[in-house]
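Visitor: Can you read through this structure? Questions will come right after.
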Amino acid sequence: MNPETSGTPAQDQAAASKPRPQSGMSVPGLLTLLQNEWDSNMLEMFQLRKQLEEAQQELSHALYQHDAACRVIARLIKERDQARSALAQLQATAVPAAAPAAPAAAEAPEVAGGMEVEKEKGISQEIIQKMQATQKQLSTARKVRTVSPTLAAPEAFAAYTCTSTHPLHKTTQPGIACLALGPDQHTAATGGMDGQVVLFNTEQRQVTATLAGHAKRVTDVLFHPTQPQLYSSSADRTVRVWGQKDGQWSQQGQMAPAHQGEVTGLGLHPSGEFLVSGATDDTWAFYDLASAQCLAQVQNPNPEPKRGIQCVQFHPDGLILGTAGDAAVVKLWDVKTQANVAKCEGFAAPVKTLSFSENGFYLASASNDNSVRLWDLRKLSKARANFRTITLPDEYVVQHVAFDYSGNYLLVTGTDVRLFNTKTWAELAVLPGHEGPVSSGAFGPDAASLVTASMDRTLRLWGPAPAPSAQKD
């Protein structure tokens with residue numbers, strides 16, 4: 001240490017210390033300095049907290065967007081896998097067409113009964129012979145058939161009540177649009193607004209299968225009478241084939257595309273070898289089930305706006321086809337020639353549904369004009385062919401009509417469920433309970449029970465009220 005330039009330690013410490021400002025020399029000044037320092041710290045903390053909240057909000061948005069993206073990706077992957085699976089099943093079950101379609105310009109399409117017939121493949125003479133043989137066989141068997149001794153009596157329906165209610169299909173797209181009862185009489189198939197077909201066992205009262213594949217609502221379902229197969233039509237313009245193998249139901253294929261509009265109805269030929277579909281493009285198509293090919297398609301060539309077909313059904317003999325829809329008329333077709341051979345007119349609104357009695361004598365049809373008209377098919381050339389008209393209440397909306405197997409009873413569904421005696425045409429019962437329009441219904445064996453489906457998403461089973469002992473158990 002240089003004695004000339006250094007002082008005492010106390011002097012060195014005093015020189016190193018920072019001089020206190022004048023304002024801090026007094027207690028009030030010192031308090032002011034501390035207050036200013038506190039305010040500065042609080043302002044800085046406020047800015048930091050504001051930045052933290054902004055960062056947290058940005059992070060929350062980023063996490064939400066990431067979660068939404070993950071869900072979209074998962075849905076797309078699921079749809080891709082379903083499409084690949086459906087394509088693989090279709091490729092595995094598809095059968096090549098028997099012959100290529102003739103060029104459109106090769107010859108002009110034929111016209112039959114005021115309708116244009118697309119002659120791509122045609123209904124061959126061999127197919128016509130099969131249908132005629134089926135008609136002869138069924139007609140012969142029908143002549144010796146007797147009414148079942150266990151058929152429900154007319155007075156029994158007044159005691160029918162809902163024995164169970166079962167919600168089916170998705171809640172996001174609620175509603176059952178169609179119903180069919182299988183040949184075993186205890187398997188019901190329902191088609192929903194959600195695009196699914198649900199199979200329900202009415203004895204076990206549980207769902208046995210859910211079949212997904214249609215992209216839009218299912219409009220009709222049909223069981224094959226002898227094979228474990230089911231057919232469904234949809235607003236997605238397709239007709240799909242479902243089958244059961246090893247106890248499991250799955251899609252087996254689909255009919256060759258034929259329609260340019262929504263497919264609204266199906267009809268199965270009594271032989272079980274041919275299928276007919278109707279659509280909103282005002283055409284009906286005839287398919288061979290063995291090859292899944294459309295053999296003939298009938299289209300209205302009129303220039304005015306087309307009026308779509310809403311329902312189709314084969315006559316029990318299989319040689320006549322009935323169609324009805326927006327044109328407010330029921331048309332009967334000779335399937336062999338695809339000619340319109342008769343019309344049932346007189347409706348004031350589009351015809352929603354039709355049904356042939358199993359004996360082949362009668363046709364029931366219902367319209368949006370709140371009426372159900374009955375036709376005697378043996379008297380179509382006479383003015384009294386429409387021998388009965390059932391007028392329903394003004395607010396009633398008819399959805400479906402169906403005869404029972406014996407032809408003694410008629411089921412009408414819509415705003416509620418109604419049953420009529422076809423001998424006297426007396427109303428036997430009105431069955432309320434559904435909370436939405438009753439879209440379809442079917443008789444059980446010997447009309448001892450009923451199954452109905454509704455837009456309220458429920459399937460209901462109806463029958464005689466259980467005995468008191470059974471209710472207690």
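As shown in the structure tokens, the chain order sets the letters A, B, ...; within each chain, residues go from 1, and ligands are also counted from 1 in the order they appear.
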Once DSSP has gone over the backbone, tell me which residues of region 58-298 of chain A are in helix (DSSP H, G or I), as a ChimeraX atom specification.
Guide: /A:58-93,125-143,154-159
Visitor: Show which residues sit within 10 Å of Arg205 (chain A), as a list of chain:residue names. Count only C-alpha atoms, and ignore same-chain residues fewer than 6 positions away.
Guide: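 The contact residues come out as A:Ser164, A:Thr165, A:His166, A:His186, A:Thr187, A:Leu461.
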Visitor: Wanna dump the region 358-419 of chain A-region 329-348 of chain A contacts at 12 Å for me, each residue with its shortest atom pair and the distance in Å to one decimal, counting only C-alpha atoms, ordered by chain and number, as a tab-separated table?
Guide:
```
residue	atom	partner	partner_atom	distance
A:Leu363	CA	A:Cys344	CA	9.8
A:Ala364	CA	A:Val330	CA	10.1
A:Ser365	CA	A:Val330	CA	7.9
A:Ala366	CA	A:Phe347	CA	8.8
A:Ser367	CA	A:Phe347	CA	6.8
A:Asn368	CA	A:Ala348	CA	7.9
A:Asp369	CA	A:Ala348	CA	5.8
A:Asn370	CA	A:Ala348	CA	9.4
A:Ser371	CA	A:Phe347	CA	8.3
A:Val372	CA	A:Phe347	CA	9.5
A:Arg373	CA	A:Phe347	CA	8.6
A:Leu374	CA	A:Cys344	CA	9.9
A:Trp375	CA	A:Cys344	CA	7.9
A:Asp376	CA	A:Cys344	CA	10.3
A:Leu377	CA	A:Ala342	CA	9.7
A:Arg378	CA	A:Ala342	CA	11.6
A:Lys379	CA	A:Ala342	CA	11.0
A:Leu380	CA	A:Ala342	CA	7.4
A:Ser381	CA	A:Ala342	CA	8.4
A:Lys382	CA	A:Cys344	CA	11.1
A:Ala383	CA	A:Cys344	CA	10.5
A:Arg384	CA	A:Cys344	CA	11.2
A:Ala385	CA	A:Cys344	CA	8.5
A:Asn386	CA	A:Cys344	CA	8.0
A:Phe387	CA	A:Cys344	CA	11.7
A:Thr389	CA	A:Gly346	CA	10.5
A:Thr391	CA	A:Phe347	CA	11.9
```
Visitor: Tell me which of A:Leu275, A:Ala292, A:Val401, A:Leu87 sits closest to Leu321 (chain A), counting only C-alpha atoms.
Guide: A:Leu275
Visitor: For Thr161 (chain A), list every protein, DNA or RNA residue within 7 Å, evaluated using only C-alpha atoms, and leave out those in the same chain fewer than 4 positions away; present the list as a list in words.
Guide: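 In the requested format, the answer is Trp462, Gly463, Pro464 and Ala465 of chain A.
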Visitor: Quick one: write out the picked residues with C-alpha atoms as an mmCIF file, in the first residue's frame?
Guide:
```cif
data_model
loop_
_atom_site.group_PDB
_atom_site.id
_atom_site.type_symbol
_atom_site.label_atom_id
_atom_site.label_comp_id
_atom_site.auth_asym_id
_atom_site.auth_seq_id
_atom_site.Cartn_x
_atom_site.Cartn_y
_atom_site.Cartn_z
ATOM 1 C CA TRP A 462 -97.983 -55.370 -28.822
ATOM 2 C CA GLY A 463 -100.180 -58.220 -27.711
ATOM 3 C CA PRO A 464 -102.755 -59.330 -25.185
ATOM 4 C CA ALA A 465 -102.195 -57.891 -21.729
#
```
Visitor: May I ask which of the residues A:Gln297, A:His434, A:Leu222, A:Ala258 is the closest one to Trp242 (chain A), counting only C-alpha atoms?
Guide: A:Leu222
Visitor: Could you tell me, as number ranges by chain, which residues of region 208-421 of chain A DSSP assigns to strand (DSSP E or B) when given the backbone?
Guide: A: 208-212, 218-223, 229-234, 239-245, 248-254, 263-268, 274-279, 283-288, 293-299, 309-314, 320-325, 330-334, 339-344, 351-356, 362-367, 371-376, 386-391, 400-403, 409-413, 417-421
Visitor: Just C-alpha atoms for this one: save the residues we selected as a JSON list (two decimals), in the first residue's frame.
Guide:
```json
[["chain", "number", "residue", "atom", "x", "y", "z"],
["A", 208, "THR", "CA", -78.54, -59.08, -32.10],
["A", 209, "ALA", "CA", -76.68, -57.04, -34.75],
["A", 210, "THR", "CA", -76.05, -53.48, -35.90],
["A", 211, "LEU", "CA", -75.17, -53.16, -39.60],
["A", 212, "ALA", "CA", -73.45, -49.96, -40.72],
["A", 218, "VAL", "CA", -82.32, -46.35, -44.71],
["A", 219, "THR", "CA", -85.65, -46.28, -46.57],
["A", 220, "ASP", "CA", -86.65, -49.96, -46.73],
["A", 221, "VAL", "CA", -85.57, -53.39, -45.49],
["A", 222, "LEU", "CA", -86.54, -56.89, -46.67],
["A", 223, "PHE", "CA", -85.69, -60.41, -45.53],
["A", 229, "GLN", "CA", -80.05, -62.62, -46.16],
["A", 230, "LEU", "CA", -81.37, -59.10, -45.76],
["A", 231, "TYR", "CA", -81.69, -56.29, -48.30],
["A", 232, "SER", "CA", -81.75, -52.58, -47.55],
["A", 233, "SER", "CA", -82.27, -49.45, -49.64],
["A", 234, "SER", "CA", -81.13, -45.97, -48.79],
["A", 239, "VAL", "CA", -79.23, -51.30, -52.39],
["A", 240, "ARG", "CA", -77.06, -53.38, -50.05],
["A", 241, "VAL", "CA", -77.04, -57.11, -49.34],
["A", 242, "TRP", "CA", -76.41, -58.39, -45.81],
["A", 243, "GLY", "CA", -75.88, -62.01, -44.84],
["A", 244, "GLN", "CA", -75.33, -64.21, -41.83],
["A", 245, "LYS", "CA", -72.33, -66.53, -41.57],
["A", 248, "GLN", "CA", -72.54, -63.11, -37.50],
["A", 249, "TRP", "CA", -74.23, -60.62, -39.81],
["A", 250, "SER", "CA", -72.15, -58.56, -42.25],
["A", 251, "GLN", "CA", -72.39, -56.92, -45.65],
["A", 252, "GLN", "CA", -72.06, -59.37, -48.54],
["A", 253, "GLY", "CA", -72.26, -56.88, -51.39],
["A", 254, "GLN", "CA", -74.64, -54.51, -53.12],
["A", 263, "VAL", "CA", -83.90, -45.47, -53.55],
["A", 264, "THR", "CA", -87.18, -45.44, -51.64],
["A", 265, "GLY", "CA", -88.56, -48.98, -51.71],
["A", 266, "LEU", "CA", -87.83, -52.65, -52.35],
["A", 267, "GLY", "CA", -89.87, -55.64, -53.51],
["A", 268, "LEU", "CA", -88.73, -59.26, -53.43],
["A", 274, "PHE", "CA", -85.23, -61.38, -58.16],
["A", 275, "LEU", "CA", -85.45, -57.96, -56.54],
["A", 276, "VAL", "CA", -87.11, -54.70, -57.57],
["A", 277, "SER", "CA", -86.26, -51.21, -56.35],
["A", 278, "GLY", "CA", -88.07, -47.90, -56.81],
["A", 279, "ALA", "CA", -86.56, -44.42, -56.59],
["A", 283, "THR", "CA", -87.79, -45.41, -62.20],
["A", 284, "TRP", "CA", -88.00, -48.99, -61.01],
["A", 285, "ALA", "CA", -85.24, -51.50, -61.58],
["A", 286, "PHE", "CA", -85.34, -55.31, -61.83],
["A", 287, "TYR", "CA", -82.31, -57.18, -60.43],
["A", 288, "ASP", "CA", -81.04, -60.73, -60.62],
["A", 293, "GLN", "CA", -77.00, -57.04, -61.90],
["A", 294, "CYS", "CA", -79.82, -54.79, -63.06],
["A", 295, "LEU", "CA", -81.58, -56.62, -65.90],
["A", 296, "ALA", "CA", -84.16, -53.94, -66.73],
["A", 297, "GLN", "CA", -85.02, -50.41, -65.71],
["A", 298, "VAL", "CA", -88.25, -48.61, -66.51],
["A", 299, "GLN", "CA", -88.22, -44.82, -66.68],
["A", 309, "ILE", "CA", -91.77, -43.56, -56.73],
["A", 310, "GLN", "CA", -92.24, -43.94, -52.97],
["A", 311, "CYS", "CA", -93.12, -47.64, -52.66],
["A", 312, "VAL", "CA", -92.97, -50.85, -54.69],
["A", 313, "GLN", "CA", -94.34, -54.34, -54.01],
["A", 314, "PHE", "CA", -94.76, -57.59, -55.92],
["A", 320, "ILE", "CA", -97.55, -58.10, -61.32],
["A", 321, "LEU", "CA", -95.66, -55.23, -59.71],
["A", 322, "GLY", "CA", -97.31, -52.33, -57.92],
["A", 323, "THR", "CA", -95.70, -48.88, -57.67],
["A", 324, "ALA", "CA", -96.96, -45.65, -56.16],
["A", 325, "GLY", "CA", -95.64, -42.23, -55.24],
["A", 330, "VAL", "CA", -101.02, -46.63, -58.10],
["A", 331, "LYS", "CA", -99.62, -48.27, -61.22],
["A", 332, "LEU", "CA", -99.69, -52.01, -61.88],
["A", 333, "TRP", "CA", -97.05, -53.46, -64.19],
["A", 334, "ASP", "CA", -96.71, -56.69, -66.11],
["A", 339, "ALA", "CA", -95.86, -52.64, -69.46],
["A", 340, "ASN", "CA", -98.19, -50.53, -67.32],
["A", 341, "VAL", "CA", -101.38, -52.64, -67.47],
["A", 342, "ALA", "CA", -103.60, -50.79, -64.98],
["A", 343, "LYS", "CA", -103.89, -47.66, -62.85],
["A", 344, "CYS", "CA", -105.68, -47.09, -59.58],
["A", 351, "VAL", "CA", -99.60, -42.22, -52.36],
["A", 352, "LYS", "CA", -97.35, -43.17, -49.45],
["A", 353, "THR", "CA", -97.72, -46.95, -49.17],
["A", 354, "LEU", "CA", -99.42, -50.01, -50.65],
["A", 355, "SER", "CA", -99.95, -53.66, -49.74],
["A", 356, "PHE", "CA", -101.35, -56.73, -51.54],
["A", 362, "TYR", "CA", -107.10, -57.06, -52.86],
["A", 363, "LEU", "CA", -104.81, -54.07, -52.81],
["A", 364, "ALA", "CA", -104.65, -51.51, -50.01],
["A", 365, "SER", "CA", -103.13, -48.10, -50.66],
["A", 366, "ALA", "CA", -102.83, -45.03, -48.46],
["A", 367, "SER", "CA", -102.34, -41.42, -49.37],
["A", 371, "SER", "CA", -107.52, -41.98, -46.84],
["A", 372, "VAL", "CA", -106.92, -45.70, -47.26],
["A", 373, "ARG", "CA", -108.39, -47.06, -50.48],
["A", 374, "LEU", "CA", -109.16, -50.73, -51.07],
["A", 375, "TRP", "CA", -109.15, -52.19, -54.59],
["A", 376, "ASP", "CA", -110.53, -55.46, -55.92],
["A", 386, "ASN", "CA", -112.28, -49.12, -55.50],
["A", 387, "PHE", "CA", -114.87, -50.88, -53.36],
["A", 388, "ARG", "CA", -113.97, -49.25, -50.03],
["A", 389, "THR", "CA", -112.37, -46.03, -48.80],
["A", 390, "ILE", "CA", -111.42, -45.62, -45.16],
["A", 391, "THR", "CA", -111.39, -41.94, -44.23],
["A", 400, "HIS", "CA", -97.82, -47.67, -43.69],
["A", 401, "VAL", "CA", -100.49, -50.29, -44.46],
["A", 402, "ALA", "CA", -100.17, -54.08, -44.30],
["A", 403, "PHE", "CA", -102.44, -57.13, -44.47],
["A", 409, "TYR", "CA", -106.98, -57.93, -40.91],
["A", 410, "LEU", "CA", -105.46, -54.68, -42.11],
["A", 411, "LEU", "CA", -102.86, -52.71, -40.14],
["A", 412, "VAL", "CA", -102.64, -48.93, -40.61],
["A", 413, "THR", "CA", -99.85, -46.93, -38.96],
["A", 417, "VAL", "CA", -101.73, -47.73, -34.82],
["A", 418, "ARG", "CA", -105.13, -48.89, -36.11],
["A", 419, "LEU", "CA", -106.53, -52.33, -36.94],
["A", 420, "PHE", "CA", -109.43, -53.13, -39.28],
["A", 421, "ASN", "CA", -111.48, -56.23, -40.01]]
```
Visitor: From the options A:Ala177, A:Leu428, A:Gln135, A:Met25, which residue's atoms come nearest to Gly414 (chain A), counting only C-alpha atoms?
Guide: A:Ala177
Visitor: Just checking: using only C-alpha atoms, which residue out of A:Gln51, A:Asn201, A:Ser139, A:Gln260 ends up closest to Gly360 (chain A)?
Guide: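 Of A:Gln51, A:Asn201, A:Ser139, A:Gln260, the one nearest Gly360 (chain A) is A:Ser139, counting only C-alpha atoms.
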Visitor: Grab the CA of Ser60 (chain A) to CA of Lys78 (chain A) distance for me, in Å with one decimal place.
Guide: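 CA of Ser60 (chain A) sits 27.0 Å away from CA of Lys78 (chain A).
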